[in-house]
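Engineer: Contents of coords12.json (JSON, C-alpha atoms and all ligand atoms):
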```json
[["chain", "number", "residue", "atom", "x", "y", "z"],
["A", 289, "MET", "CA", 0.00, 0.00, 0.00],
["A", 290, "PHE", "CA", 1.26, 3.48, -0.77],
["A", 291, "LYS", "CA", -0.06, 6.99, -0.77],
["A", 292, "LEU", "CA", 0.07, 9.64, -3.46],
["A", 293, "ASP", "CA", -0.29, 13.02, -1.81],
["A", 294, "SER", "CA", -1.15, 15.06, -4.86],
["A", 295, "GLU", "CA", -1.65, 15.03, -8.59],
["A", 296, "ALA", "CA", 2.00, 16.08, -8.86],
["A", 297, "ALA", "CA", 3.09, 13.04, -6.86],
["A", 298, "LEU", "CA", 1.04, 10.80, -9.13],
["A", 299, "LEU", "CA", 2.58, 12.34, -12.26],
["A", 300, "LYS", "CA", 6.05, 11.96, -10.77],
["A", 301, "ALA", "CA", 5.57, 8.19, -10.78],
["A", 302, "PHE", "CA", 5.70, 8.32, -14.58],
["A", 303, "ARG", "CA", 8.75, 8.87, -16.73],
["A", 304, "PRO", "CA", 9.04, 12.50, -17.88],
["A", 305, "LYS", "CA", 8.30, 11.47, -21.49],
["A", 306, "ASP", "CA", 5.03, 9.85, -20.40],
["A", 307, "ARG", "CA", 3.77, 12.65, -18.18],
["A", 308, "THR", "CA", 2.38, 14.73, -21.02],
["A", 309, "HIS", "CA", 0.14, 11.84, -22.06],
["A", 310, "VAL", "CA", -1.24, 11.16, -18.60],
["A", 311, "GLU", "CA", -4.73, 12.40, -17.88],
["A", 312, "VAL", "CA", -5.48, 12.13, -14.17],
["A", 313, "SER", "CA", -8.81, 10.47, -13.51],
["A", 314, "PRO", "CA", -11.53, 12.87, -12.32],
["A", 315, "ASP", "CA", -12.52, 10.15, -9.83],
["A", 316, "PHE", "CA", -9.30, 10.54, -7.85],
["A", 317, "THR", "CA", -9.20, 12.52, -4.64],
["A", 318, "PHE", "CA", -5.84, 13.30, -3.07],
["A", 319, "PRO", "CA", -4.19, 12.06, -0.97],
["A", 320, "LEU", "CA", -4.88, 8.86, -2.86],
["A", 321, "THR", "CA", -4.28, 5.62, -0.96],
["A", 322, "VAL", "CA", -3.39, 2.81, -3.34],
["A", 323, "HIS", "CA", -3.77, -0.86, -2.48],
["A", 324, "ASP", "CA", -1.57, -2.88, -4.81],
["A", 325, "TYR", "CA", -2.04, -0.64, -7.86],
["A", 326, "VAL", "CA", -4.37, 1.81, -9.48],
["A", 327, "ALA", "CA", -5.34, 1.71, -13.15],
["A", 328, "TRP", "CA", -7.58, 4.00, -15.14],
["A", 329, "PRO", "CA", -8.36, 4.71, -18.79],
["A", 330, "HIS", "CA", -7.76, 7.98, -20.60],
["A", 331, "PRO", "CA", -11.21, 9.63, -20.81],
["A", 332, "GLY", "CA", -10.68, 10.04, -24.55],
["A", 333, "GLY", "CA", -9.84, 6.35, -25.00],
["A", 334, "GLY", "CA", -6.79, 4.81, -26.61],
["A", 335, "ARG", "CA", -4.67, 4.82, -23.48],
["A", 336, "VAL", "CA", -4.67, 3.19, -20.09],
["A", 337, "PHE", "CA", -2.49, 4.10, -17.13],
["A", 338, "VAL", "CA", -1.23, 2.15, -14.16],
["A", 339, "VAL", "CA", 0.64, 3.15, -11.01],
["A", 340, "PHE", "CA", 2.02, 0.46, -8.72],
["A", 341, "ALA", "CA", 4.88, 0.04, -6.27],
["A", 342, "THR", "CA", 6.98, -3.07, -5.80],
["A", 343, "LYS", "CA", 8.24, -3.97, -2.33],
["A", 344, "GLY", "CA", 10.66, -1.24, -1.31],
["A", 345, "GLY", "CA", 10.23, 0.49, -4.65],
["A", 346, "ALA", "CA", 8.93, 3.92, -5.56],
["A", 347, "PRO", "CA", 5.47, 4.40, -7.07],
["A", 348, "THR", "CA", 5.93, 3.58, -10.75],
["A", 349, "GLY", "CA", 3.63, 4.60, -13.57],
["A", 350, "ILE", "CA", 3.28, 3.16, -17.04],
["A", 351, "ALA", "CA", 1.35, 4.89, -19.80],
["A", 352, "PHE", "CA", 0.02, 2.30, -22.22],
["A", 353, "GLU", "CA", -1.59, 2.61, -25.58],
["A", 354, "THR", "CA", -4.41, 0.20, -26.25],
["A", 355, "ASN", "CA", -4.56, -1.46, -29.62],
["A", 356, "GLY", "CA", -8.15, -2.51, -29.66],
["A", 357, "GLY", "CA", -7.64, -6.00, -31.10],
["A", 358, "SER", "CA", -10.25, -8.68, -30.65],
["A", 359, "SER", "CA", -9.61, -12.37, -30.52],
["A", 360, "SER", "CA", -11.88, -15.34, -31.11],
["A", 361, "VAL", "CA", -9.52, -17.70, -29.30],
["A", 362, "PRO", "CA", -8.92, -17.27, -25.59],
["A", 363, "GLN", "CA", -5.99, -15.00, -24.77],
["A", 364, "MET", "CA", -4.27, -15.19, -21.42],
["A", 365, "CYS", "CA", -3.30, -12.14, -19.40],
["A", 366, "SER", "CA", 0.45, -12.27, -18.71],
["A", 367, "TRP", "CA", -0.05, -10.57, -15.36],
["A", 368, "CYS", "CA", -3.04, -12.25, -13.67],
["A", 369, "HIS", "CA", -3.27, -15.35, -15.92],
["A", 370, "SER", "CA", -7.01, -15.06, -16.44],
["A", 371, "SER", "CA", -8.05, -15.75, -20.01],
["A", 372, "ALA", "CA", -10.84, -14.47, -22.16],
["A", 373, "VAL", "CA", -12.02, -14.24, -25.73],
["A", 374, "GLY", "CA", -12.91, -10.94, -27.38],
["A", 375, "THR", "CA", -11.41, -7.65, -26.36],
["A", 376, "SER", "CA", -10.89, -8.07, -22.61],
["A", 377, "VAL", "CA", -7.33, -9.36, -22.95],
["A", 378, "GLY", "CA", -5.28, -7.43, -25.47],
["A", 379, "LEU", "CA", -1.91, -6.04, -26.40],
["A", 380, "LEU", "CA", -0.94, -2.90, -24.50],
["A", 381, "THR", "CA", 2.15, -1.07, -25.68],
["A", 382, "ALA", "CA", 4.41, 1.44, -23.99],
["A", 383, "THR", "CA", 7.29, 3.56, -25.24],
["A", 384, "LEU", "CA", 10.80, 2.26, -24.64],
["A", 385, "ASN", "CA", 12.47, 5.05, -26.62],
["A", 386, "SER", "CA", 11.73, 7.18, -29.65],
["A", 387, "ASN", "CA", 12.25, 4.20, -31.97],
["A", 388, "LYS", "CA", 10.74, 1.38, -30.07],
["A", 389, "ARG", "CA", 7.53, 0.37, -28.33],
["A", 390, "VAL", "CA", 7.15, -2.77, -26.30],
["A", 391, "GLY", "CA", 3.97, -4.66, -25.68],
["A", 392, "VAL", "CA", 2.44, -7.01, -23.17],
["A", 393, "MET", "CA", -0.70, -9.15, -23.45],
["A", 394, "VAL", "CA", -2.79, -8.26, -20.43],
["A", 395, "CYS", "CA", -6.34, -7.46, -19.35],
["A", 396, "ALA", "CA", -7.02, -4.49, -21.61],
["A", 397, "ASP", "CA", -8.50, -2.42, -18.78],
["A", 398, "LEU", "CA", -5.90, -3.69, -16.29],
["A", 399, "SER", "CA", -8.65, -5.08, -14.08],
["A", 400, "CYS", "CA", -6.31, -7.89, -13.00],
["A", 401, "ALA", "CA", -6.91, -7.25, -9.29],
["A", 402, "ASN", "CA", -10.67, -7.80, -9.72],
["A", 403, "LYS", "CA", -10.03, -11.06, -11.58],
["A", 404, "ILE", "CA", -7.69, -12.26, -8.86],
["A", 405, "GLU", "CA", -10.19, -11.36, -6.16],
["A", 406, "GLU", "CA", -13.02, -13.12, -7.99],
["A", 407, "GLN", "CA", -10.93, -16.26, -8.38],
["A", 408, "ALA", "CA", -9.85, -16.19, -4.75],
["A", 409, "ASN", "CA", -13.45, -15.72, -3.59],
["A", 410, "LEU", "CA", -14.64, -18.63, -5.71],
["A", 411, "GLY", "CA", -11.81, -20.82, -4.51],
["A", 412, "GLY", "CA", -12.08, -19.69, -0.91],
["A", 413, "TYR", "CA", -8.44, -18.68, -0.56],
["A", 414, "SER", "CA", -6.58, -15.46, 0.07],
["A", 415, "PRO", "CA", -5.93, -13.23, -2.94],
["A", 416, "ARG", "CA", -2.70, -11.90, -1.38],
["A", 417, "PRO", "CA", -0.12, -14.30, -2.89],
["A", 418, "ALA", "CA", -1.54, -13.85, -6.39],
["A", 419, "MET", "CA", -1.75, -10.11, -5.87],
["A", 420, "GLU", "CA", 1.89, -9.95, -4.84],
["A", 421, "LYS", "CA", 2.90, -11.95, -7.92],
["A", 422, "LEU", "CA", 0.86, -9.56, -10.05],
["A", 423, "ILE", "CA", 2.78, -6.56, -8.72],
["A", 424, "GLU", "CA", 6.07, -8.42, -9.22],
["A", 425, "ARG", "CA", 5.13, -9.09, -12.86],
["A", 426, "MET", "CA", 4.25, -5.43, -13.40],
["A", 427, "GLY", "CA", 7.61, -4.51, -11.89],
["A", 428, "ARG", "CA", 9.43, -6.99, -14.09],
["A", 429, "PHE", "CA", 7.80, -5.57, -17.21],
["A", 430, "ALA", "CA", 8.68, -2.01, -16.14],
["A", 431, "SER", "CA", 12.31, -2.84, -15.35],
["A", 432, "ASP", "CA", 13.10, -5.49, -17.98],
["A", 433, "ALA", "CA", 11.07, -4.30, -20.94],
["A", 434, "LEU", "CA", 10.98, -0.57, -20.31],
["A", 435, "SER", "CA", 14.26, -0.12, -18.39],
["A", 436, "ILE", "CA", 12.46, 1.81, -15.64],
["A", 437, "ASP", "CA", 14.39, 2.00, -12.37],
["A", 438, "LEU", "CA", 11.88, 0.80, -9.78],
["A", 439, "SER", "CA", 13.71, 2.66, -7.02],
["A", 440, "GLY", "CA", 12.50, 5.88, -8.65],
["A", 441, "ALA", "CA", 16.00, 7.04, -9.57],
["A", 442, "GLY", "CA", 16.31, 8.98, -12.77],
["A", 443, "ARG", "CA", 12.67, 9.96, -13.02],
["B", 1, "ZN", "ZN", -5.03, -9.55, -16.02]]
```
For the structure just supplied, provide its representation as structure tokens.
Ligand SMILES: [Zn+2]

Structural biologist:
Amino acid sequence: MFKLDSEAALLKAFRPKDRTHVEVSPDFTFPLTVHDYVAWPHPGGGRVFVVFATKGGAPTGIAFETNGGSSSVPQMCSWCHSSAVGTSVGLLTATLNSNKRVGVMVCADLSCANKIEEQANLGGYSPRPAMEKLIERMGRFASDALSIDLSGAGR
């Protein structure tokens, strides 16, 4: 759990090059207490944002572009491992540098936490271990694929 004191603190979680694209959700009130992570769509569509913090790490934001694809075969979310047909799991892409974007197949609205909670409720077990793995996977994508320093350095 972490707290974002202001809109400025939320924007600071993103890389400078992403900040101009971020549209803070009108539903947020600050200080914003975040359990696990917070995700929200750009009101104009086409983008989805996530802010999370790994253990001991700084709040980290990723600005994704959605690509709107639809699939008739089940696609599995790389982060929460739920699968679905249609548009609910799709390729989200983020900027690595001016020449390259990298993508990840995940729940297109980043509702992974809800899926994990639903599964845990149905199975009668705690969602915590799966939730921690989810945040680890987000962190791995940010650090390995996007070269984001999870400690917050260089942002
Ligand atoms: Zn998911």

Engineer: Between A:His330, A:His309, A:Lys403, A:Lys421, which has the minimum distance to ligand ZN 1 (chain B) (counting all atoms listed in the file)?

Structural biologist: A:Lys403

Engineer: Let me have all residues with an atom within 8 Å of ligand ZN 1 (chain B), counting all atoms listed in the file, laid out as a list in words.

Structural biologist: Met364, Cys365, Ser366, Trp367, Cys368, His369, Ser370, Ser371, Val377, Val394, Cys395, Ala396, Leu398, Ser399, Cys400, Ala401 and Lys403 of chain A

Engineer: Between atom CA of A:Tyr325 and atom CA of A:Met289, measure the distance and give it in Å to one decimal.

Structural biologist: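 Calculated distance between atom CA of A:Tyr325 and atom CA of A:Met289 is 8.1 Å.
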
Engineer: Please determine, counting only C-alpha atoms, which residue among A:Pro331, A:Lys388, A:Ala301, A:Ser358 has the shortest atom-to-atom distance to A:Ser376.

Structural biologist: A:Ser358

Engineer: Using all atoms listed in the file, which residue out of A:Phe352, A:Phe318, A:Phe340, A:Trp328 lies closest to A:Gly440?

Structural biologist: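 Using all atoms listed in the file, A:Gly440 sits closest to A:Phe340.
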
Engineer: Which distance in Å separates atom CA of A:Ala351 and atom CA of A:Arg303, to one decimal?

Structural biologist: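 Distance reported for this atom pair: 8.9 Å.
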
Engineer: Show me, as a list of chain:residue names, the residues that have an atom within 8 Å of A:Ile404 when counting only C-alpha atoms, minus same-chain residues fewer than 5 positions from it.

Structural biologist: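 Skipping anything fewer than 5 positions along the chain leaves A:Cys368, A:Pro415, A:Ala418, A:Met419.
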
Engineer: To one decimal in Å, tell me the separation between atom CA of A:Lys291 and atom CA of A:Leu320.

Structural biologist: 5.6 Å

Engineer: Restricting the calculation to all atoms listed in the file: of A:Asp432, A:Glu311, A:Glu295, A:Asp397, which residue gets closest to A:Thr354?

Structural biologist: A:Asp397

Engineer: Which polymer residues have any atom within 7 Å of an atom of A:Val339, counting only C-alpha atoms, with same-chain residues fewer than 2 positions away left out, as a list in words?

Structural biologist: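 Using only C-alpha atoms, the neighbours found are Tyr325, Val326, Ala327, Phe337, Pro347, Thr348, Gly349 and Ile350 of chain A.
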
Engineer: Of the candidates A:Ser439, A:Ser294, A:Thr321, A:Ser386, which shows the shortest atom-to-atom distance to A:Ala346, using all atoms listed in the file?

Structural biologist: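 Result for the nearest residue to A:Ala346: A:Ser439.
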
Engineer: Excluding A:Thr342 and its own-chain neighbours fewer than 5 positions away, which residues fall within 9 Å of it when counting only C-alpha atoms? Please give them as a list of chain:residue names.

Structural biologist: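 Once the adjacent positions are removed, what remains is A:Asp324, A:Pro347, A:Thr348, A:Glu420, A:Ile423, A:Glu424, A:Met426, A:Gly427, A:Leu438, A:Ser439.
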
Engineer: Could you give me, as a count of residues only, the residues within 9 Å of A:Ser359, counting all atoms listed in the file and dropping anything in the same chain fewer than 6 positions from it?

Structural biologist: 6

Engineer: As lines of an AutoDock Vina configuration file, please report the centre and edge lengths, rounded to one decimal in Å, of the axis-aligned box that holds all listed atoms of stretch 337-342 of chain A with 3 Å of padding on each of the six sides.

Structural biologist:
```
center_x = 2.2
center_y = 0.5
center_z = -11.5
size_x = 15.5
size_y = 13.2
size_z = 17.3
```
